[in-house]
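J.: Got query22.csv for you, CSV, C-alpha atoms and all ligand atoms:
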```csv
chain,number,residue,atom,x,y,z
A,1,MET,CA,-37.6,-118.8,90.3
A,2,ALA,CA,-35.1,-116.1,89.2
A,3,LYS,CA,-32.7,-116.5,91.9
A,4,PRO,CA,-31.9,-116.7,95.3
A,5,LYS,CA,-28.2,-117.3,95.3
A,6,PHE,CA,-28.6,-118.0,98.9
A,7,SER,CA,-25.4,-119.9,99.5
A,8,GLU,CA,-23.2,-117.3,97.8
A,9,ASN,CA,-21.5,-114.8,100.0
A,10,ARG,CA,-19.7,-112.8,97.5
A,11,SER,CA,-18.9,-109.2,97.8
A,12,ARG,CA,-19.5,-108.0,94.2
A,13,ASN,CA,-22.1,-105.6,95.5
A,14,ALA,CA,-19.8,-104.0,98.0
A,15,ARG,CA,-18.1,-102.0,95.3
A,16,GLY,CA,-15.2,-101.4,97.6
A,17,ARG,CA,-16.6,-98.3,99.2
A,18,ALA,CA,-15.9,-97.8,102.9
A,19,ASP,CA,-19.5,-97.2,103.9
A,20,GLN,CA,-20.4,-100.5,102.3
A,21,GLN,CA,-17.9,-102.6,104.0
A,22,PRO,CA,-19.2,-105.0,106.5
A,23,ALA,CA,-19.0,-103.7,110.1
A,24,THR,CA,-18.4,-107.2,111.4
A,25,THR,CA,-16.0,-109.9,110.8
A,26,LEU,CA,-18.6,-112.6,111.5
A,27,PRO,CA,-19.8,-114.4,108.3
A,28,LEU,CA,-22.8,-112.6,106.8
A,29,VAL,CA,-26.2,-114.2,106.7
A,30,THR,CA,-28.0,-114.3,103.3
A,31,GLY,CA,-31.7,-114.0,103.0
A,32,ARG,CA,-34.7,-112.5,101.1
A,33,VAL,CA,-36.3,-109.2,101.9
A,34,THR,CA,-39.9,-110.3,102.4
A,35,ALA,CA,-41.6,-107.2,103.8
A,36,SER,CA,-40.7,-103.5,104.4
A,37,HIS,CA,-42.1,-100.6,106.2
A,38,GLY,CA,-40.1,-97.3,105.9
A,39,ARG,CA,-36.6,-98.3,107.0
A,40,HIS,CA,-37.7,-101.5,108.7
A,41,PHE,CA,-37.4,-104.8,106.8
A,42,PHE,CA,-38.1,-108.4,107.3
A,43,VAL,CA,-35.5,-110.8,106.0
A,44,THR,CA,-36.2,-114.5,105.6
A,45,THR,CA,-33.5,-117.1,105.3
A,46,PRO,CA,-33.6,-120.2,103.1
A,47,GLU,CA,-34.2,-122.2,106.3
A,48,GLY,CA,-37.3,-120.1,107.0
A,49,ASP,CA,-35.9,-118.0,109.8
A,50,ARG,CA,-37.2,-114.5,109.8
A,51,PHE,CA,-35.8,-111.5,111.5
A,52,GLU,CA,-36.1,-107.7,111.5
A,53,ALA,CA,-33.5,-105.8,109.6
A,54,HIS,CA,-32.3,-102.3,109.1
A,55,ARG,CA,-30.2,-101.0,106.2
A,56,ARG,CA,-26.7,-100.0,107.2
A,57,GLY,CA,-26.2,-96.3,106.6
A,58,LYS,CA,-29.9,-95.7,106.2
A,59,LYS,CA,-29.8,-95.9,102.5
A,60,GLY,CA,-33.2,-96.1,100.8
A,61,ASP,CA,-32.2,-98.7,98.3
A,62,VAL,CA,-33.6,-102.0,99.7
A,63,VAL,CA,-36.7,-103.4,98.1
A,64,VAL,CA,-38.9,-106.4,98.7
A,65,GLY,CA,-37.6,-109.4,96.8
A,66,ASP,CA,-34.0,-108.4,97.2
A,67,ILE,CA,-31.5,-111.0,98.2
A,68,VAL,CA,-29.4,-109.3,100.9
A,69,ARG,CA,-26.4,-110.1,103.1
A,70,CYS,CA,-26.8,-109.2,106.7
A,71,THR,CA,-24.9,-109.2,110.0
A,72,PRO,CA,-25.9,-112.2,112.2
A,73,PRO,CA,-29.0,-111.2,114.1
A,74,ALA,CA,-28.6,-109.9,117.6
A,75,SER,CA,-31.8,-110.0,119.6
A,76,GLY,CA,-33.7,-110.8,116.4
A,77,VAL,CA,-32.5,-107.7,114.6
A,78,CYS,CA,-29.8,-107.5,111.9
A,79,ALA,CA,-28.2,-104.9,109.6
A,80,ILE,CA,-28.4,-105.2,105.9
A,81,GLU,CA,-24.8,-104.8,104.6
A,82,ALA,CA,-25.2,-105.5,100.9
A,83,ILE,CA,-27.8,-106.2,98.2
A,84,GLU,CA,-27.1,-108.9,95.6
A,85,PRO,CA,-27.5,-107.9,91.9
A,86,ARG,CA,-31.2,-108.0,90.9
A,87,ALA,CA,-32.6,-109.9,88.0
A,88,ASN,CA,-35.2,-107.1,87.5
A,89,LEU,CA,-36.8,-104.2,89.3
A,90,LEU,CA,-40.4,-103.0,89.1
A,91,TYR,CA,-41.4,-99.4,89.8
A,92,ARG,CA,-44.5,-97.8,91.1
A,93,SER,CA,-45.3,-94.2,91.5
A,94,ASP,CA,-47.5,-91.9,93.4
A,95,GLU,CA,-48.5,-88.3,92.5
A,96,TRP,CA,-45.1,-87.0,93.2
A,97,ARG,CA,-42.4,-89.5,92.4
A,98,VAL,CA,-41.4,-92.9,91.0
A,99,LYS,CA,-40.5,-95.5,93.7
A,100,THR,CA,-39.4,-99.1,93.6
A,101,LEU,CA,-42.1,-101.8,94.1
A,102,ALA,CA,-40.3,-105.2,94.0
A,103,ALA,CA,-37.3,-107.0,92.7
A,104,ASN,CA,-36.5,-110.4,91.3
A,105,ILE,CA,-40.0,-111.1,90.0
A,106,ASP,CA,-40.7,-113.9,87.4
A,107,LEU,CA,-44.3,-113.2,86.6
A,108,VAL,CA,-46.7,-110.2,87.0
A,109,CYS,CA,-50.3,-111.3,87.5
A,110,ILE,CA,-52.7,-108.5,86.7
A,111,VAL,CA,-56.1,-109.1,88.3
A,112,PHE,CA,-59.2,-107.5,87.1
A,113,ALA,CA,-63.0,-108.1,87.3
A,114,SER,CA,-66.2,-106.7,86.0
A,115,ARG,CA,-67.2,-105.5,89.4
A,116,PRO,CA,-66.2,-103.0,90.8
A,117,THR,CA,-65.7,-101.3,87.4
A,118,PHE,CA,-62.2,-101.9,86.2
A,119,ASN,CA,-60.0,-99.3,84.5
A,120,PRO,CA,-58.4,-100.7,81.4
A,121,TRP,CA,-55.5,-98.1,81.8
A,122,PHE,CA,-54.5,-99.9,85.0
A,123,ILE,CA,-54.1,-103.2,83.1
A,124,TRP,CA,-52.3,-101.5,80.2
A,125,LYS,CA,-50.0,-99.6,82.5
A,126,ALA,CA,-49.1,-102.8,84.4
A,127,LEU,CA,-48.4,-104.5,81.1
A,128,LEU,CA,-46.1,-101.7,80.0
A,129,ALA,CA,-44.2,-101.7,83.3
A,130,SER,CA,-43.8,-105.5,83.2
A,131,HIS,CA,-42.6,-105.4,79.6
A,132,GLN,CA,-40.1,-102.6,80.4
A,133,ALA,CA,-38.8,-104.6,83.3
A,134,GLY,CA,-38.5,-107.6,81.1
A,135,ILE,CA,-41.0,-109.7,83.2
A,136,PRO,CA,-43.7,-111.8,81.6
A,137,ALA,CA,-47.3,-110.9,82.5
A,138,LEU,CA,-50.4,-112.9,83.0
A,139,VAL,CA,-53.8,-111.2,83.0
A,140,VAL,CA,-56.2,-112.8,85.4
A,141,ARG,CA,-59.9,-112.0,84.9
A,142,ASN,CA,-61.6,-112.8,88.2
A,143,LYS,CA,-65.2,-113.0,89.3
A,144,CYS,CA,-66.4,-114.8,86.1
A,145,ASP,CA,-69.5,-115.8,88.1
A,146,LEU,CA,-70.7,-112.2,88.0
A,147,PRO,CA,-72.6,-110.8,85.0
A,148,ASP,CA,-70.5,-108.7,82.7
A,149,GLU,CA,-72.6,-105.6,82.0
A,150,ASN,CA,-71.9,-104.2,78.5
A,151,ASP,CA,-69.5,-107.1,77.9
A,152,ALA,CA,-66.6,-104.8,79.1
A,153,ALA,CA,-64.6,-107.7,80.5
A,154,ARG,CA,-65.1,-109.9,77.5
A,155,LYS,CA,-64.1,-107.1,75.1
A,156,GLN,CA,-61.0,-106.4,77.2
A,157,ILE,CA,-60.0,-110.1,77.1
A,158,ASP,CA,-60.5,-110.2,73.3
A,159,LEU,CA,-58.4,-107.1,72.9
A,160,LEU,CA,-55.6,-108.3,75.1
A,161,ARG,CA,-55.5,-111.7,73.4
A,162,SER,CA,-55.5,-110.1,70.0
A,163,ILE,CA,-52.3,-108.2,70.9
A,164,GLY,CA,-50.7,-111.3,72.2
A,165,HIS,CA,-51.3,-111.2,76.0
A,166,ASP,CA,-51.9,-114.3,78.1
A,167,VAL,CA,-55.3,-114.1,79.8
A,168,ILE,CA,-57.0,-116.6,82.1
A,169,GLU,CA,-60.5,-116.5,83.6
A,170,VAL,CA,-61.2,-117.6,87.1
A,171,SER,CA,-63.7,-117.2,90.0
A,172,ALA,CA,-61.5,-117.2,93.1
A,173,LYS,CA,-64.4,-117.1,95.6
A,174,SER,CA,-67.1,-119.2,94.0
A,175,GLU,CA,-64.8,-121.8,92.4
A,176,PRO,CA,-61.6,-121.9,94.5
A,177,ASP,CA,-60.5,-125.4,93.5
A,178,VAL,CA,-60.8,-124.7,89.8
A,179,THR,CA,-59.1,-121.3,90.3
A,180,ARG,CA,-56.2,-123.0,92.1
A,181,SER,CA,-55.7,-125.6,89.5
A,182,THR,CA,-55.9,-123.0,86.7
A,183,LEU,CA,-53.3,-120.8,88.4
A,184,LEU,CA,-50.8,-123.4,89.8
A,185,PRO,CA,-49.4,-124.6,86.5
A,186,ARG,CA,-48.6,-121.0,85.6
A,187,LEU,CA,-47.2,-120.0,89.0
A,188,THR,CA,-45.2,-123.1,90.1
A,189,GLY,CA,-41.5,-122.4,90.6
A,190,LYS,CA,-42.0,-118.7,90.1
A,191,ALA,CA,-42.1,-115.6,92.1
A,192,SER,CA,-45.5,-114.0,91.0
A,193,LEU,CA,-46.4,-110.5,91.8
A,194,LEU,CA,-50.1,-109.8,92.2
A,195,VAL,CA,-51.4,-106.4,91.1
A,196,GLY,CA,-54.8,-105.0,90.6
A,197,GLN,CA,-57.2,-102.2,91.5
A,198,SER,CA,-58.8,-102.4,94.9
A,199,GLY,CA,-61.6,-104.9,95.2
A,200,MET,CA,-60.7,-107.1,92.2
A,201,GLY,CA,-60.0,-110.1,94.4
A,202,LYS,CA,-56.2,-110.0,94.9
A,203,SER,CA,-56.4,-111.0,98.6
A,204,THR,CA,-58.9,-113.8,97.8
A,205,ILE,CA,-56.4,-115.2,95.3
A,206,LEU,CA,-53.4,-114.7,97.6
A,207,ASN,CA,-55.2,-116.6,100.4
A,208,LEU,CA,-56.1,-119.4,98.0
A,209,LEU,CA,-52.5,-119.8,97.0
A,210,VAL,CA,-50.8,-119.1,100.3
A,211,PRO,CA,-53.2,-120.0,103.2
A,212,HIS,CA,-50.7,-118.8,105.8
A,213,ALA,CA,-50.5,-115.3,104.2
A,214,GLN,CA,-52.9,-113.7,106.7
A,215,ALA,CA,-51.0,-115.1,109.7
A,216,ALA,CA,-47.6,-113.9,108.2
A,217,THR,CA,-49.1,-110.4,107.7
A,218,ARG,CA,-50.2,-110.3,111.3
A,219,GLU,CA,-46.8,-111.4,112.5
A,220,PHE,CA,-45.2,-108.6,110.5
A,221,SER,CA,-47.5,-105.9,111.7
A,222,GLU,CA,-47.1,-107.0,115.3
A,223,ALA,CA,-43.3,-107.2,115.1
A,224,LEU,CA,-43.1,-103.7,113.6
A,225,ASP,CA,-45.9,-102.4,115.8
A,226,LEU,CA,-47.9,-101.2,112.8
A,227,GLY,CA,-51.3,-101.7,114.3
A,228,LYS,CA,-53.9,-101.3,111.6
A,229,GLN,CA,-51.6,-99.1,109.6
A,230,THR,CA,-51.3,-100.2,106.0
A,231,THR,CA,-48.2,-100.0,104.0
A,232,THR,CA,-47.7,-99.4,100.3
A,233,ALA,CA,-44.8,-101.8,100.1
A,234,ALA,CA,-45.0,-105.2,98.6
A,235,ARG,CA,-44.9,-108.4,100.7
A,236,TRP,CA,-43.3,-111.7,99.7
A,237,TYR,CA,-45.0,-115.0,100.7
A,238,ASP,CA,-43.2,-118.3,100.1
A,239,ALA,CA,-45.5,-121.1,99.2
A,240,GLU,CA,-44.5,-124.5,100.3
A,241,ALA,CA,-47.8,-126.4,100.0
A,242,ASP,CA,-48.0,-130.1,99.1
A,243,ASP,CA,-49.1,-129.3,95.6
A,244,TRP,CA,-46.9,-126.4,94.8
A,245,ARG,CA,-43.7,-124.4,95.5
A,246,GLY,CA,-43.3,-120.8,94.5
A,247,ALA,CA,-43.8,-117.3,95.9
A,248,VAL,CA,-46.6,-114.8,95.7
A,249,ILE,CA,-45.9,-111.1,96.2
A,250,ASP,CA,-48.8,-109.0,97.2
A,251,THR,CA,-49.0,-105.2,96.7
A,252,PRO,CA,-51.5,-103.7,99.2
A,253,GLY,CA,-52.5,-100.1,98.9
A,254,PHE,CA,-51.1,-100.1,95.4
A,255,GLN,CA,-51.7,-97.0,93.4
A,256,GLU,CA,-50.1,-96.8,90.1
A,257,PHE,CA,-47.2,-98.2,88.1
A,258,GLY,CA,-44.4,-95.7,87.6
A,259,LEU,CA,-44.1,-95.1,83.9
A,260,ALA,CA,-42.1,-91.9,84.0
A,261,HIS,CA,-38.9,-93.9,83.2
A,262,LEU,CA,-40.3,-95.3,80.0
A,263,ALA,CA,-38.9,-94.2,76.6
A,264,LEU,CA,-40.9,-94.0,73.5
A,265,ASN,CA,-39.3,-97.2,72.2
A,266,ASP,CA,-40.3,-99.1,75.3
A,267,ILE,CA,-43.9,-98.0,74.9
A,268,LEU,CA,-44.1,-99.0,71.2
A,269,ARG,CA,-42.5,-102.3,71.9
A,270,ALA,CA,-45.1,-103.1,74.5
A,271,MET,CA,-48.0,-101.9,72.3
A,272,PRO,CA,-47.8,-104.0,69.1
A,273,ASP,CA,-51.3,-102.8,68.0
A,274,ILE,CA,-49.8,-99.3,67.7
A,275,ALA,CA,-46.3,-100.3,66.6
A,276,ALA,CA,-47.7,-102.3,63.7
A,277,HIS,CA,-48.7,-99.1,62.0
A,278,ALA,CA,-45.6,-97.1,62.8
A,279,SER,CA,-43.6,-97.7,59.7
A,280,GLY,CA,-43.6,-95.2,56.8
A,281,CYS,CA,-44.1,-92.0,58.8
A,282,ARG,CA,-42.8,-89.0,57.1
A,283,PHE,CA,-40.3,-88.2,59.9
A,284,PHE,CA,-38.0,-91.0,61.0
A,285,ASN,CA,-38.3,-90.0,64.6
A,286,CYS,CA,-42.1,-89.5,64.5
A,287,ARG,CA,-43.7,-89.7,67.9
A,288,HIS,CA,-47.1,-90.4,66.3
A,289,LEU,CA,-48.7,-87.6,68.2
A,290,LYS,CA,-49.1,-84.4,66.1
A,291,GLU,CA,-46.6,-84.9,63.3
A,292,PRO,CA,-47.8,-84.6,59.7
A,293,GLY,CA,-47.6,-87.7,57.4
A,294,CYS,CA,-48.0,-90.1,60.4
A,295,THR,CA,-49.0,-93.6,59.4
A,296,VAL,CA,-50.3,-94.3,63.0
A,297,LYS,CA,-52.7,-91.4,62.8
A,298,ALA,CA,-53.8,-92.5,59.4
A,299,ALA,CA,-54.5,-96.0,60.7
A,300,LEU,CA,-56.4,-94.5,63.6
A,301,GLU,CA,-58.5,-92.5,61.2
A,302,ARG,CA,-59.2,-95.6,59.1
A,303,GLY,CA,-60.5,-97.3,62.2
A,304,GLU,CA,-57.6,-99.8,62.3
A,305,ILE,CA,-56.5,-98.8,65.8
A,306,ASP,CA,-58.8,-98.9,68.8
A,307,PRO,CA,-59.3,-95.2,69.8
A,308,ALA,CA,-59.0,-96.1,73.5
A,309,ARG,CA,-55.6,-97.7,72.9
A,310,TYR,CA,-54.4,-94.7,71.0
A,311,ASP,CA,-55.6,-92.3,73.7
A,312,PHE,CA,-53.6,-94.4,76.2
A,313,TYR,CA,-50.6,-94.4,73.9
A,314,ARG,CA,-50.8,-90.6,73.5
A,315,ALA,CA,-51.0,-90.0,77.3
A,316,VAL,CA,-48.0,-92.3,78.0
A,317,ALA,CA,-46.0,-91.1,75.0
A,318,GLN,CA,-46.4,-87.5,75.9
A,319,GLY,CA,-44.5,-88.1,79.1
A,320,ALA,CA,-41.8,-90.2,77.4
A,321,ASP,CA,-38.3,-89.4,76.2
A,322,THR,CA,-38.1,-88.8,72.5
A,323,LEU,CA,-35.8,-91.4,71.1
A,324,PRO,CA,-35.6,-92.1,67.4
A,325,LEU,CA,-36.9,-95.5,66.3
B,1,LIG,N1,-68.5,-112.9,93.1
B,1,LIG,C1,-67.2,-113.0,93.4
B,1,LIG,N2,-66.7,-112.2,94.3
B,1,LIG,C2,-65.4,-112.4,94.6
B,1,LIG,C3,-64.5,-113.3,93.8
B,1,LIG,N3,-63.3,-113.1,94.3
B,1,LIG,C4,-63.3,-112.2,95.3
B,1,LIG,N4,-64.6,-111.7,95.4
B,1,LIG,C5,-65.0,-110.7,96.4
B,1,LIG,O1,-64.6,-109.5,96.0
B,1,LIG,C6,-64.4,-108.6,97.2
B,1,LIG,C7,-63.0,-108.0,97.1
B,1,LIG,O2,-62.0,-109.1,97.2
B,1,LIG,P1,-60.6,-108.9,97.8
B,1,LIG,O3,-59.9,-110.2,97.6
B,1,LIG,O4,-60.7,-108.3,99.1
B,1,LIG,O5,-60.0,-107.8,96.7
B,1,LIG,P2,-58.6,-107.1,96.7
B,1,LIG,O6,-58.3,-107.0,95.3
B,1,LIG,O7,-57.7,-107.8,97.6
B,1,LIG,O8,-59.0,-105.7,97.3
B,1,LIG,P3,-58.1,-104.7,98.2
B,1,LIG,O9,-57.8,-105.4,99.4
B,1,LIG,O10,-59.0,-103.5,98.3
B,1,LIG,O11,-56.9,-104.4,97.3
B,1,LIG,C8,-64.6,-109.5,98.4
B,1,LIG,O12,-65.9,-109.3,98.9
B,1,LIG,C9,-64.4,-110.9,97.8
B,1,LIG,O13,-65.2,-111.9,98.5
B,1,LIG,C10,-65.2,-114.1,92.8
B,1,LIG,O14,-64.5,-114.9,92.1
B,1,LIG,N5,-66.5,-113.9,92.6
B,2,ZN,ZN,-46.0,-91.4,63.1
```
Now, as a test, write the supplied structure out as structure tokens.

T.:
Amino acid sequence: MAKPKFSENRSRNARGRADQQPATTLPLVTGRVTASHGRHFFVTTPEGDRFEAHRRGKKGDVVVGDIVRCTPPASGVCAIEAIEPRANLLYRSDEWRVKTLAANIDLVCIVFASRPTFNPWFIWKALLASHQAGIPALVVRNKCDLPDENDAARKQIDLLRSIGHDVIEVSAKSEPDVTRSTLLPRLTGKASLLVGQSGMGKSTILNLLVPHAQAATREFSEALDLGKQTTTAARWYDAEADDWRGAVIDTPGFQEFGLAHLALNDILRAMPDIAAHASGCRFFNCRHLKEPGCTVKAALERGEIDPARYDFYRAVAQGADTLPL
């Protein structure tokens, strides 16, 4: 997994500012942020101890997956003093703004199924966001036991594979053992973030991989007195089963990936089916939207680009920065 430098107690994140200096002289405890709700966090140490944490100074900068240094817990609660540098950071967004989703992820698993009807844009957005964050992605088609009306799932898999994405097909509920043995070789030793539209089978897959996940969720809700309230933050579950080690990060109530931070170059790099036609445009900084003499538009008109993919490209590119290629 991209790494918990648990034993290190360095101060390179403290940046020498007074408000970031530890308020205690006792040695700091290092751990992983495994859950969050507003300004409350759960930090888990490498020994498996878990305690509630608050960010010193009430900064909104802690995200699930962070390795943090905390004051030794008093009555089960500690203060997060510093965040270790992150290997990567994924974003999500809602209607109003872009927010962080999770840090230090090794693999993004994008789950979809033929029922309920999936939205290809969700998959494509997740692929863009993963690519931009520099994290490999694995597309998981679940519920293969259900009929695939109009072959929508099959066509999607063919498209994704044709542009170089890794896709596996499972039936988490009807074939749990096969699903587990298909997933484990890909997930072992990694921190894998599960994303998917509601009802695609994320929870079923999570419970298959980390059987204690439900109990851990209950414990978290009780400790923070959340009741039935759901949270939009991710949750990190360490798996220490006999047959595998790794972590699975669940994203309940997940809405959208934040793509507002993407530049045109990022989008094209993550869409090779569009980028393949993006050489020879009349303008060197062509955005392949309305410019005359555009080779992407010409390829679209010749039927060499999937119109649905171009529509998606256009929607995302219209919100992107204009950087010359
Ligand atoms: N037929 C079939 N049903 C499945 C499969 N996997 C999950 N389901 C069912 O699909 C429904 C939704 O599964 P969940 O695991 O709750 O889906 P989710 O993605 O976690 O949904 P949210 O909690 O809303 O985000 C449940 O009724 C599952 O039993 C499968 O492989 N085949
Ligand atoms: Zn162009």

J.: How would you write, as a compact mmCIF listing (two decimals) with C-alpha atoms, in the coordinates of the input, the set of residues no farther than 8 Å from ligand LIG 1 (chain B) when counting all atoms listed in the file?

T.:
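Written file, selection.txt:
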```txt
# COMPACT_ATOMS: atom_id res chain seq x y z
CA VAL A 111 -56.10 -109.10 88.30
CA ASN A 142 -61.60 -112.80 88.20
CA LYS A 143 -65.20 -113.00 89.30
CA CYS A 144 -66.40 -114.80 86.10
CA ASP A 145 -69.50 -115.80 88.10
CA LEU A 146 -70.70 -112.20 88.00
CA VAL A 170 -61.20 -117.60 87.10
CA SER A 171 -63.70 -117.20 90.00
CA ALA A 172 -61.50 -117.20 93.10
CA LYS A 173 -64.40 -117.10 95.60
CA SER A 174 -67.10 -119.20 94.00
CA GLU A 175 -64.80 -121.80 92.40
CA PRO A 176 -61.60 -121.90 94.50
CA GLY A 196 -54.80 -105.00 90.60
CA GLN A 197 -57.20 -102.20 91.50
CA SER A 198 -58.80 -102.40 94.90
CA GLY A 199 -61.60 -104.90 95.20
CA MET A 200 -60.70 -107.10 92.20
CA GLY A 201 -60.00 -110.10 94.40
CA LYS A 202 -56.20 -110.00 94.90
CA SER A 203 -56.40 -111.00 98.60
CA THR A 204 -58.90 -113.80 97.80
CA ILE A 205 -56.40 -115.20 95.30
CA LEU A 206 -53.40 -114.70 97.60
CA THR A 251 -49.00 -105.20 96.70
CA PRO A 252 -51.50 -103.70 99.20
CA GLY A 253 -52.50 -100.10 98.90
CA PHE A 254 -51.10 -100.10 95.40
```

J.: Could I get the residue neighbourhood of ligand ZN 2 (chain B) at 9 Å, counting all atoms listed in the file, as a list in words?

T.: His277, Ala278, Ser279, Gly280, Cys281, Arg282, Phe283, Phe284, Asn285, Cys286, Arg287, His288, Leu289, Lys290, Glu291, Pro292, Gly293, Cys294, Thr295, Val296, Lys297 and Ala298 of chain A

J.: Atom CA of Val195 of chain A and atom CA of Arg55 of chain A are how many Å apart?

T.: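 Taking atom CA of Val195 of chain A as the start and atom CA of Arg55 of chain A as the end point, the length is 26.6 Å.
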
J.: May I ask which of the residues A:Val248, A:Cys70, A:Ala213, A:Leu268 is the closest one to Thr188 of chain A, counting only C-alpha atoms?

T.: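 Residue with the minimum atom-to-atom distance to Thr188 of chain A: A:Val248.
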
J.: Near Leu101 of chain A, within 6 Å and counting all atoms listed in the file, which residues show up once chain neighbours fewer than 5 positions away are dropped, as a PyMOL selection string?

T.: chain A and resi 90-92
